[in-house]
file input_34.pdb (PDB, C-alpha atoms, pLDDT in the B column)
ATOM      1  CA  ALA A   1     -67.451  62.425  61.815  1.00 94.00           C
ATOM      2  CA  TRP A   2     -69.421  60.023  59.672  1.00 96.00           C
ATOM      3  CA  GLY A   3     -68.880  56.277  59.642  1.00 96.00           C
ATOM      4  CA  PHE A   4     -69.281  54.541  56.269  1.00 97.00           C
ATOM      5  CA  GLN A   5     -69.278  50.739  55.897  1.00 96.00           C
ATOM      6  CA  MET A   6     -68.672  49.907  52.252  1.00 97.00           C
ATOM      7  CA  GLU A   7     -69.116  46.183  52.886  1.00 97.00           C
ATOM      8  CA  ASN A   8     -72.850  46.959  53.128  1.00 95.00           C
ATOM      9  CA  LEU A   9     -72.892  48.463  49.626  1.00 96.00           C
ATOM     10  CA  PRO A  10     -73.642  46.226  46.601  1.00 96.00           C
ATOM     11  CA  PRO A  11     -70.467  45.653  44.553  1.00 95.00           C
ATOM     12  CA  GLU A  12     -71.878  47.391  41.494  1.00 96.00           C
ATOM     13  CA  GLU A  13     -72.362  50.550  43.566  1.00 97.00           C
ATOM     14  CA  GLN A  14     -68.791  50.576  44.912  1.00 97.00           C
ATOM     15  CA  THR A  15     -67.604  53.050  42.270  1.00 98.00           C
ATOM     16  CA  GLU A  16     -65.687  56.294  42.657  1.00 98.00           C
ATOM     17  CA  ALA A  17     -68.531  58.312  41.130  1.00 98.00           C
ATOM     18  CA  ASN A  18     -71.099  56.852  43.517  1.00 98.00           C
ATOM     19  CA  LEU A  19     -68.835  57.205  46.553  1.00 98.00           C
ATOM     20  CA  ARG A  20     -68.099  60.828  45.694  1.00 98.00           C
ATOM     21  CA  ARG A  21     -71.834  61.456  45.427  1.00 97.00           C
ATOM     22  CA  ILE A  22     -72.445  59.889  48.845  1.00 97.00           C
ATOM     23  CA  PHE A  23     -69.522  61.656  50.509  1.00 97.00           C
ATOM     24  CA  SER A  24     -70.628  65.027  49.102  1.00 97.00           C
ATOM     25  CA  ASN A  25     -73.582  64.852  51.504  1.00 96.00           C
ATOM     26  CA  THR A  26     -71.524  64.639  54.701  1.00 95.00           C
ATOM     27  CA  ASP A  27     -71.455  68.412  55.345  1.00 93.00           C
ATOM     28  CA  GLY A  28     -67.651  68.536  55.210  1.00 93.00           C
ATOM     29  CA  LYS A  29     -67.244  66.327  58.288  1.00 96.00           C
ATOM     30  CA  PRO A  30     -64.482  63.673  58.380  1.00 98.00           C
ATOM     31  CA  ILE A  31     -65.359  60.224  57.034  1.00 98.00           C
ATOM     32  CA  TYR A  32     -64.193  57.007  58.730  1.00 98.00           C
ATOM     33  CA  ALA A  33     -64.650  54.222  56.165  1.00 98.00           C
ATOM     34  CA  THR A  34     -64.439  50.449  56.396  1.00 98.00           C
ATOM     35  CA  SER A  35     -64.324  47.779  53.727  1.00 98.00           C
ATOM     36  CA  TYR A  36     -64.232  44.578  55.753  1.00 98.00           C
ATOM     37  CA  ARG A  37     -64.248  40.999  54.475  1.00 97.00           C
ATOM     38  CA  GLY A  38     -67.884  40.305  55.354  1.00 95.00           C
ATOM     39  CA  GLY A  39     -71.224  41.517  54.063  1.00 95.00           C
ATOM     40  CA  ARG A  40     -71.279  42.341  50.352  1.00 96.00           C
ATOM     41  CA  ASN A  41     -67.491  41.911  50.266  1.00 97.00           C
ATOM     42  CA  ALA A  42     -67.666  38.196  51.054  1.00 96.00           C
ATOM     43  CA  GLY A  43     -65.297  36.213  48.858  1.00 95.00           C
ATOM     44  CA  ARG A  44     -63.067  39.137  47.898  1.00 96.00           C
ATOM     45  CA  SER A  45     -59.332  38.765  48.430  1.00 98.00           C
ATOM     46  CA  ASP A  46     -57.408  41.058  50.734  1.00 98.00           C
ATOM     47  CA  ASP A  47     -55.504  42.391  47.714  1.00 98.00           C
ATOM     48  CA  ASP A  48     -58.872  43.369  46.249  1.00 98.00           C
ATOM     49  CA  LEU A  49     -59.898  44.971  49.537  1.00 98.00           C
ATOM     50  CA  ALA A  50     -56.648  46.952  49.512  1.00 98.00           C
ATOM     51  CA  GLU A  51     -57.762  48.475  46.225  1.00 98.00           C
ATOM     52  CA  SER A  52     -61.107  49.334  47.830  1.00 98.00           C
ATOM     53  CA  TRP A  53     -59.337  51.154  50.696  1.00 98.00           C
ATOM     54  CA  LYS A  54     -57.446  53.262  48.162  1.00 98.00           C
ATOM     55  CA  LEU A  55     -60.699  53.835  46.254  1.00 98.00           C
ATOM     56  CA  LEU A  56     -62.315  55.165  49.433  1.00 98.00           C
ATOM     57  CA  ILE A  57     -59.472  57.647  49.961  1.00 98.00           C
ATOM     58  CA  ARG A  58     -59.585  58.774  46.312  1.00 98.00           C
ATOM     59  CA  SER A  59     -63.321  59.288  46.668  1.00 98.00           C
ATOM     60  CA  GLY A  60     -63.006  61.581  49.688  1.00 98.00           C
ATOM     61  CA  ALA A  61     -62.817  59.383  52.795  1.00 98.00           C
ATOM     62  CA  THR A  62     -60.580  60.760  55.536  1.00 98.00           C
ATOM     63  CA  LEU A  63     -59.640  57.523  57.286  1.00 98.00           C
ATOM     64  CA  VAL A  64     -59.752  53.875  56.213  1.00 98.00           C
ATOM     65  CA  ASP A  65     -59.805  50.862  58.499  1.00 98.00           C
ATOM     66  CA  ILE A  66     -57.176  48.218  57.654  1.00 98.00           C
ATOM     67  CA  MET A  67     -57.350  44.979  59.597  1.00 98.00           C
ATOM     68  CA  GLY A  68     -54.238  43.958  61.510  1.00 98.00           C
ATOM     69  CA  ASP A  69     -54.275  40.618  59.681  1.00 98.00           C
ATOM     70  CA  ALA A  70     -54.605  42.082  56.183  1.00 98.00           C
ATOM     71  CA  PHE A  71     -52.980  39.783  53.598  1.00 98.00           C
ATOM     72  CA  CYS A  72     -52.826  36.889  56.080  1.00 98.00           C
ATOM     73  CA  PRO A  73     -56.171  36.281  57.867  1.00 98.00           C
ATOM     74  CA  THR A  74     -55.537  35.245  61.461  1.00 98.00           C
ATOM     75  CA  PRO A  75     -57.731  34.669  64.541  1.00 97.00           C
ATOM     76  CA  GLY A  76     -57.741  37.887  66.530  1.00 97.00           C
ATOM     77  CA  GLU A  77     -56.852  39.909  63.424  1.00 98.00           C
ATOM     78  CA  LEU A  78     -53.145  40.459  64.000  1.00 98.00           C
ATOM     79  CA  THR A  79     -50.807  38.633  61.676  1.00 98.00           C
ATOM     80  CA  GLU A  80     -47.118  38.240  62.450  1.00 98.00           C
ATOM     81  CA  ASP A  81     -46.293  36.945  58.956  1.00 98.00           C
ATOM     82  CA  PRO A  82     -43.318  39.036  57.757  1.00 98.00           C
ATOM     83  CA  ALA A  83     -44.468  39.245  54.133  1.00 98.00           C
ATOM     84  CA  ALA A  84     -47.981  40.327  55.147  1.00 98.00           C
ATOM     85  CA  VAL A  85     -46.633  42.925  57.591  1.00 98.00           C
ATOM     86  CA  GLU A  86     -44.363  44.317  54.864  1.00 98.00           C
ATOM     87  CA  LYS A  87     -47.363  44.629  52.505  1.00 98.00           C
ATOM     88  CA  GLN A  88     -49.370  46.360  55.234  1.00 98.00           C
ATOM     89  CA  MET A  89     -46.642  48.915  55.817  1.00 98.00           C
ATOM     90  CA  ALA A  90     -46.219  49.584  52.090  1.00 98.00           C
ATOM     91  CA  LEU A  91     -49.983  50.058  51.737  1.00 98.00           C
ATOM     92  CA  ILE A  92     -50.088  52.444  54.705  1.00 98.00           C
ATOM     93  CA  ASP A  93     -47.273  54.468  53.137  1.00 98.00           C
ATOM     94  CA  GLU A  94     -49.219  54.582  49.864  1.00 98.00           C
ATOM     95  CA  ILE A  95     -52.398  55.776  51.581  1.00 98.00           C
ATOM     96  CA  HIS A  96     -50.441  58.436  53.454  1.00 98.00           C
ATOM     97  CA  ALA A  97     -48.958  59.601  50.138  1.00 98.00           C
ATOM     98  CA  MET A  98     -52.536  59.935  48.842  1.00 98.00           C
ATOM     99  CA  GLY A  99     -53.340  62.248  51.752  1.00 98.00           C
ATOM    100  CA  GLY A 100     -55.347  59.666  53.687  1.00 98.00           C
ATOM    101  CA  GLU A 101     -55.121  58.292  57.210  1.00 98.00           C
ATOM    102  CA  VAL A 102     -55.169  54.695  58.433  1.00 98.00           C
ATOM    103  CA  LEU A 103     -56.835  53.119  61.437  1.00 98.00           C
ATOM    104  CA  MET A 104     -55.552  49.586  62.043  1.00 99.00           C
ATOM    105  CA  SER A 105     -58.062  47.287  63.712  1.00 98.00           C
ATOM    106  CA  SER A 106     -57.860  43.963  65.520  1.00 98.00           C
ATOM    107  CA  HIS A 107     -61.222  42.437  66.435  1.00 98.00           C
ATOM    108  CA  VAL A 108     -60.082  39.955  69.071  1.00 98.00           C
ATOM    109  CA  CYS A 109     -63.660  39.492  70.339  1.00 97.00           C
ATOM    110  CA  ARG A 110     -62.639  37.850  73.618  1.00 98.00           C
ATOM    111  CA  TYR A 111     -61.292  39.113  76.924  1.00 98.00           C
ATOM    112  CA  ILE A 112     -57.501  39.401  76.974  1.00 98.00           C
ATOM    113  CA  PRO A 113     -55.155  40.785  79.655  1.00 98.00           C
ATOM    114  CA  ALA A 114     -53.616  44.239  79.548  1.00 98.00           C
ATOM    115  CA  GLU A 115     -50.222  42.988  78.359  1.00 98.00           C
ATOM    116  CA  GLU A 116     -51.778  41.413  75.265  1.00 98.00           C
ATOM    117  CA  VAL A 117     -53.796  44.536  74.464  1.00 98.00           C
ATOM    118  CA  LEU A 118     -50.649  46.633  74.699  1.00 98.00           C
ATOM    119  CA  ARG A 119     -48.699  44.188  72.496  1.00 98.00           C
ATOM    120  CA  ILE A 120     -51.333  44.491  69.755  1.00 98.00           C
ATOM    121  CA  ALA A 121     -51.444  48.263  70.077  1.00 98.00           C
ATOM    122  CA  LYS A 122     -47.661  48.556  69.805  1.00 98.00           C
ATOM    123  CA  ALA A 123     -47.756  46.403  66.662  1.00 98.00           C
ATOM    124  CA  HIS A 124     -50.328  48.738  65.077  1.00 98.00           C
ATOM    125  CA  GLU A 125     -48.150  51.715  65.938  1.00 98.00           C
ATOM    126  CA  ALA A 126     -44.975  50.091  64.562  1.00 98.00           C
ATOM    127  CA  ARG A 127     -46.693  49.366  61.235  1.00 98.00           C
ATOM    128  CA  GLY A 128     -47.457  53.049  60.710  1.00 98.00           C
ATOM    129  CA  ALA A 129     -51.128  53.305  61.656  1.00 98.00           C
ATOM    130  CA  ASP A 130     -52.435  56.753  62.589  1.00 98.00           C
ATOM    131  CA  ILE A 131     -55.007  55.257  64.998  1.00 98.00           C
ATOM    132  CA  CYS A 132     -55.073  51.893  66.784  1.00 98.00           C
ATOM    133  CA  LYS A 133     -58.404  50.089  67.233  1.00 98.00           C
ATOM    134  CA  ILE A 134     -58.754  46.961  69.371  1.00 98.00           C
ATOM    135  CA  VAL A 135     -62.040  45.211  70.174  1.00 98.00           C
ATOM    136  CA  THR A 136     -62.050  42.622  72.962  1.00 98.00           C
ATOM    137  CA  ALA A 137     -64.881  41.439  75.236  1.00 98.00           C
ATOM    138  CA  ALA A 138     -66.126  41.694  78.806  1.00 98.00           C
ATOM    139  CA  ASN A 139     -68.549  39.195  80.320  1.00 98.00           C
ATOM    140  CA  SER A 140     -68.349  40.262  83.955  1.00 98.00           C
ATOM    141  CA  GLU A 141     -68.135  43.500  85.887  1.00 97.00           C
ATOM    142  CA  GLU A 142     -64.546  42.676  86.803  1.00 98.00           C
ATOM    143  CA  GLU A 143     -63.556  42.327  83.143  1.00 98.00           C
ATOM    144  CA  GLU A 144     -65.313  45.556  82.226  1.00 97.00           C
ATOM    145  CA  MET A 145     -63.571  47.495  84.991  1.00 97.00           C
ATOM    146  CA  GLU A 146     -60.228  46.044  83.931  1.00 98.00           C
ATOM    147  CA  ASN A 147     -60.898  47.144  80.359  1.00 98.00           C
ATOM    148  CA  LEU A 148     -61.479  50.687  81.610  1.00 97.00           C
ATOM    149  CA  ARG A 149     -58.141  50.489  83.438  1.00 97.00           C
ATOM    150  CA  ILE A 150     -56.451  49.277  80.264  1.00 98.00           C
ATOM    151  CA  ILE A 151     -57.525  52.504  78.548  1.00 98.00           C
ATOM    152  CA  THR A 152     -55.396  54.473  81.015  1.00 96.00           C
ATOM    153  CA  LEU A 153     -52.475  52.114  80.331  1.00 97.00           C
ATOM    154  CA  LEU A 154     -52.783  52.654  76.561  1.00 98.00           C
ATOM    155  CA  LYS A 155     -52.869  56.397  77.143  1.00 97.00           C
ATOM    156  CA  GLN A 156     -49.602  56.171  79.059  1.00 97.00           C
ATOM    157  CA  GLU A 157     -47.771  53.759  76.772  1.00 97.00           C
ATOM    158  CA  LEU A 158     -48.963  54.389  73.204  1.00 98.00           C
ATOM    159  CA  GLY A 159     -47.702  57.178  70.970  1.00 98.00           C
ATOM    160  CA  ILE A 160     -50.745  57.326  68.660  1.00 98.00           C
ATOM    161  CA  PRO A 161     -54.477  57.859  69.292  1.00 98.00           C
ATOM    162  CA  PHE A 162     -56.422  54.697  70.017  1.00 98.00           C
ATOM    163  CA  LEU A 163     -59.921  53.285  70.194  1.00 98.00           C
ATOM    164  CA  PHE A 164     -60.274  50.417  72.665  1.00 98.00           C
ATOM    165  CA  LEU A 165     -63.703  48.768  72.722  1.00 97.00           C
ATOM    166  CA  CYS A 166     -65.300  45.568  73.897  1.00 97.00           C
ATOM    167  CA  GLY A 167     -68.341  43.452  73.248  1.00 96.00           C
ATOM    168  CA  GLY A 168     -69.947  40.869  75.483  1.00 97.00           C
ATOM    169  CA  SER A 169     -72.521  41.130  78.251  1.00 97.00           C
ATOM    170  CA  HIS A 170     -70.656  43.918  80.098  1.00 97.00           C
ATOM    171  CA  CYS A 171     -69.588  46.386  77.426  1.00 96.00           C
ATOM    172  CA  LYS A 172     -71.909  49.391  77.665  1.00 95.00           C
ATOM    173  CA  ARG A 173     -70.045  51.412  80.304  1.00 95.00           C
ATOM    174  CA  HIS A 174     -66.761  50.752  78.535  1.00 97.00           C
ATOM    175  CA  ARG A 175     -68.133  52.081  75.236  1.00 96.00           C
ATOM    176  CA  GLN A 176     -69.894  55.047  76.848  1.00 95.00           C
ATOM    177  CA  LEU A 177     -67.041  56.165  79.117  1.00 95.00           C
ATOM    178  CA  GLY A 178     -64.007  55.175  77.039  1.00 96.00           C
ATOM    179  CA  PRO A 179     -63.308  58.650  75.579  1.00 95.00           C
ATOM    180  CA  LEU A 180     -63.446  60.167  79.060  1.00 92.00           C
ATOM    181  CA  PHE A 181     -60.504  57.925  80.012  1.00 93.00           C
ATOM    182  CA  GLY A 182     -58.484  58.330  76.808  1.00 96.00           C
ATOM    183  CA  CYS A 183     -60.090  56.743  73.742  1.00 97.00           C
ATOM    184  CA  CYS A 184     -59.998  59.094  70.756  1.00 97.00           C
ATOM    185  CA  MET A 185     -63.654  58.765  69.707  1.00 96.00           C
ATOM    186  CA  TRP A 186     -67.034  57.218  70.323  1.00 96.00           C
ATOM    187  CA  LEU A 187     -68.548  54.791  67.814  1.00 96.00           C
ATOM    188  CA  THR A 188     -72.275  55.507  67.867  1.00 96.00           C
ATOM    189  CA  VAL A 189     -75.466  54.895  65.913  1.00 94.00           C
ATOM    190  CA  GLY A 190     -78.144  57.441  65.032  1.00 93.00           C
ATOM    191  CA  LYS A 191     -80.917  54.958  65.783  1.00 93.00           C
ATOM    192  CA  TYR A 192     -81.364  51.273  66.460  1.00 92.00           C
ATOM    193  CA  ASP A 193     -82.498  49.508  63.308  1.00 90.00           C
ATOM    194  CA  ARG A 194     -81.582  46.223  61.623  1.00 84.00           C
ATOM    195  CA  SER A 195     -78.313  47.643  60.274  1.00 81.00           C
ATOM    196  CA  ALA A 196     -77.151  49.118  63.611  1.00 84.00           C
ATOM    197  CA  THR A 197     -74.694  47.535  66.024  1.00 86.00           C
ATOM    198  CA  PRO A 198     -76.815  47.152  69.209  1.00 88.00           C
ATOM    199  CA  MET A 199     -73.873  47.564  71.602  1.00 91.00           C
ATOM    200  CA  GLN A 200     -73.006  50.991  70.185  1.00 95.00           C
ATOM    201  CA  PRO A 201     -74.576  53.901  72.118  1.00 95.00           C
ATOM    202  CA  LEU A 202     -76.862  56.461  70.528  1.00 96.00           C
ATOM    203  CA  THR A 203     -75.169  59.509  69.057  1.00 95.00           C
ATOM    204  CA  ARG A 204     -77.477  61.971  70.814  1.00 95.00           C
ATOM    205  CA  ALA A 205     -76.835  60.313  74.191  1.00 95.00           C
ATOM    206  CA  MET A 206     -73.065  60.582  73.811  1.00 95.00           C
ATOM    207  CA  ARG A 207     -73.386  64.167  72.569  1.00 93.00           C
ATOM    208  CA  THR A 208     -75.295  64.989  75.762  1.00 93.00           C
ATOM    209  CA  LEU A 209     -72.625  63.222  77.835  1.00 90.00           C
ATOM    210  CA  ALA A 210     -69.797  65.128  76.155  1.00 88.00           C
ATOM    211  CA  ASP A 211     -71.608  68.460  76.538  1.00 88.00           C
ATOM    212  CA  THR A 212     -72.539  67.860  80.183  1.00 88.00           C
ATOM    213  CA  LEU A 213     -69.303  66.592  81.714  1.00 82.00           C
ATOM    214  CA  SER A 214     -66.543  69.140  82.223  1.00 66.00           C
ATOM    215  CA  TYR A 215     -63.807  67.166  80.484  1.00 62.00           C
ATOM    216  CA  ASP A 216     -61.445  68.438  77.817  1.00 61.00           C
ATOM    217  CA  LEU A 217     -62.410  66.123  74.953  1.00 52.00           C
TER
END
call {"tool": "encode", "arguments": {"input": "input_34.pdb", "output": "structure tokens"}}
result
Amino acid sequence: AWGFQMENLPPEEQTEANLRRIFSNTDGKPIYATSYRGGRNAGRSDDDLAESWKLLIRSGATLVDIMGDAFCPTPGELTEDPAAVEKQMALIDEIHAMGGEVLMSSHVCRYIPAEEVLRIAKAHEARGADICKIVTAANSEEEEMENLRIITLLKQELGIPFLFLCGGSHCKRHRQLGPLFGCCMWLTVGKYDRSATPMQPLTRAMRTLADTLSYDL
């Protein structure tokens, strides 16, 4: 699959015609698209971003990333506001009706225990997301090993595919090995340049790992 971050695209280029042109060059592979609040999207309302998620689906994206605090920004990106949750669920239904899929993400960006990870994941599932994505942190070997264990817990307890990641000083093994324990995908970069996320592994390295290990991926 291809990852496409529309928040890096100038606003005047965020048009259906331009997106269709870009997506026509993805060799028919699935497209995972984001339109987060930062980058070139800074200052846009969540209602405006909701329109951009629908635009991405209309333009040919397979999957859009909707934050778990959409319509009510909250630390940790998981709102419990009833009105915001209702709007999220209605939007997810609308995207499904358009033929698209939804990944719901919560960028917690700090270490949290297994019970809290599972609570967030269950909330994503209850709101209708097709895939759950949670990003925490690990700043010790003990935290990183616990995050790997949490993957097996999510696999046992969650009824939808999930992507559980972490940042911090001890995140590389978690990101490299996650799909071998139960995560539904790797997030990788083709090369390390100024636009790449340094903690994400190289695509070719993960392709070699997947081809070498005798796991059913």
call {"tool": "residues_near_point", "arguments": {"input": "input_34.pdb", "point": "(-65.0, 54.3, 59.0)", "cutoff": "9 Å", "atoms": "all atoms listed in the file", "output": "ChimeraX atom specification"}}
result
/A:1-6,31-35,61-65,103
call {"tool": "resolve_selection", "arguments": {"input": "input_34.pdb", "expression": "the PyMOL selection byres ((chain A and resi 166-176) around 9)", "output": "PyMOL selection string"}}
result
chain A and resi 109-111+134-141+143-145+147-148+164-165+177-180+186-187+199-201+206+209
call {"tool": "closest_residue", "arguments": {"input": "input_34.pdb", "among": "A:Gly39, A:Gly60, A:Gly182, A:Gly190", "to": "A:Gly99", "atoms": "only C-alpha atoms"}}
result
A:Gly60
call {"tool": "closest_residue", "arguments": {"input": "input_34.pdb", "among": "A:Arg204, A:His124, A:Arg119, A:His96", "to": "A:Gly68", "atoms": "all atoms listed in the file"}}
result
A:His124
call {"tool": "atom_distance", "arguments": {"input": "input_34.pdb", "atom1": "atom CA of A:Arg58", "atom2": "atom CA of A:Val102"}}
result
13.5 Å
call {"tool": "closest_residue", "arguments": {"input": "input_34.pdb", "among": "A:Gly43, A:Gly38, A:Pro30, A:Pro198", "to": "A:Glu101", "atoms": "only C-alpha atoms"}}
result
A:Pro30
call {"tool": "closest_residue", "arguments": {"input": "input_34.pdb", "among": "A:Leu213, A:Ile151, A:Leu56, A:Ala126", "to": "A:Val85", "atoms": "all atoms listed in the file"}}
result
A:Ala126
call {"tool": "atom_distance", "arguments": {"input": "input_34.pdb", "atom1": "atom CA of A:Ala129", "atom2": "atom CA of A:Met104"}}
result
5.8 Å
call {"tool": "resolve_selection", "arguments": {"input": "input_34.pdb", "expression": "the PyMOL selection byres ((chain A and resi 46) around 10)", "output": "PDB file with C-alpha atoms, keeping the file's coordinate frame"}}
result
ATOM      1  CA  TYR A  36     -64.232  44.578  55.753  1.00 98.00           C
ATOM      2  CA  ARG A  37     -64.248  40.999  54.475  1.00 97.00           C
ATOM      3  CA  GLY A  43     -65.297  36.213  48.858  1.00 95.00           C
ATOM      4  CA  ARG A  44     -63.067  39.137  47.898  1.00 96.00           C
ATOM      5  CA  SER A  45     -59.332  38.765  48.430  1.00 98.00           C
ATOM      6  CA  ASP A  47     -55.504  42.391  47.714  1.00 98.00           C
ATOM      7  CA  ASP A  48     -58.872  43.369  46.249  1.00 98.00           C
ATOM      8  CA  LEU A  49     -59.898  44.971  49.537  1.00 98.00           C
ATOM      9  CA  ALA A  50     -56.648  46.952  49.512  1.00 98.00           C
ATOM     10  CA  GLU A  51     -57.762  48.475  46.225  1.00 98.00           C
ATOM     11  CA  SER A  52     -61.107  49.334  47.830  1.00 98.00           C
ATOM     12  CA  ILE A  66     -57.176  48.218  57.654  1.00 98.00           C
ATOM     13  CA  MET A  67     -57.350  44.979  59.597  1.00 98.00           C
ATOM     14  CA  ASP A  69     -54.275  40.618  59.681  1.00 98.00           C
ATOM     15  CA  ALA A  70     -54.605  42.082  56.183  1.00 98.00           C
ATOM     16  CA  PHE A  71     -52.980  39.783  53.598  1.00 98.00           C
ATOM     17  CA  CYS A  72     -52.826  36.889  56.080  1.00 98.00           C
ATOM     18  CA  PRO A  73     -56.171  36.281  57.867  1.00 98.00           C
TER      19      PRO A  73
END
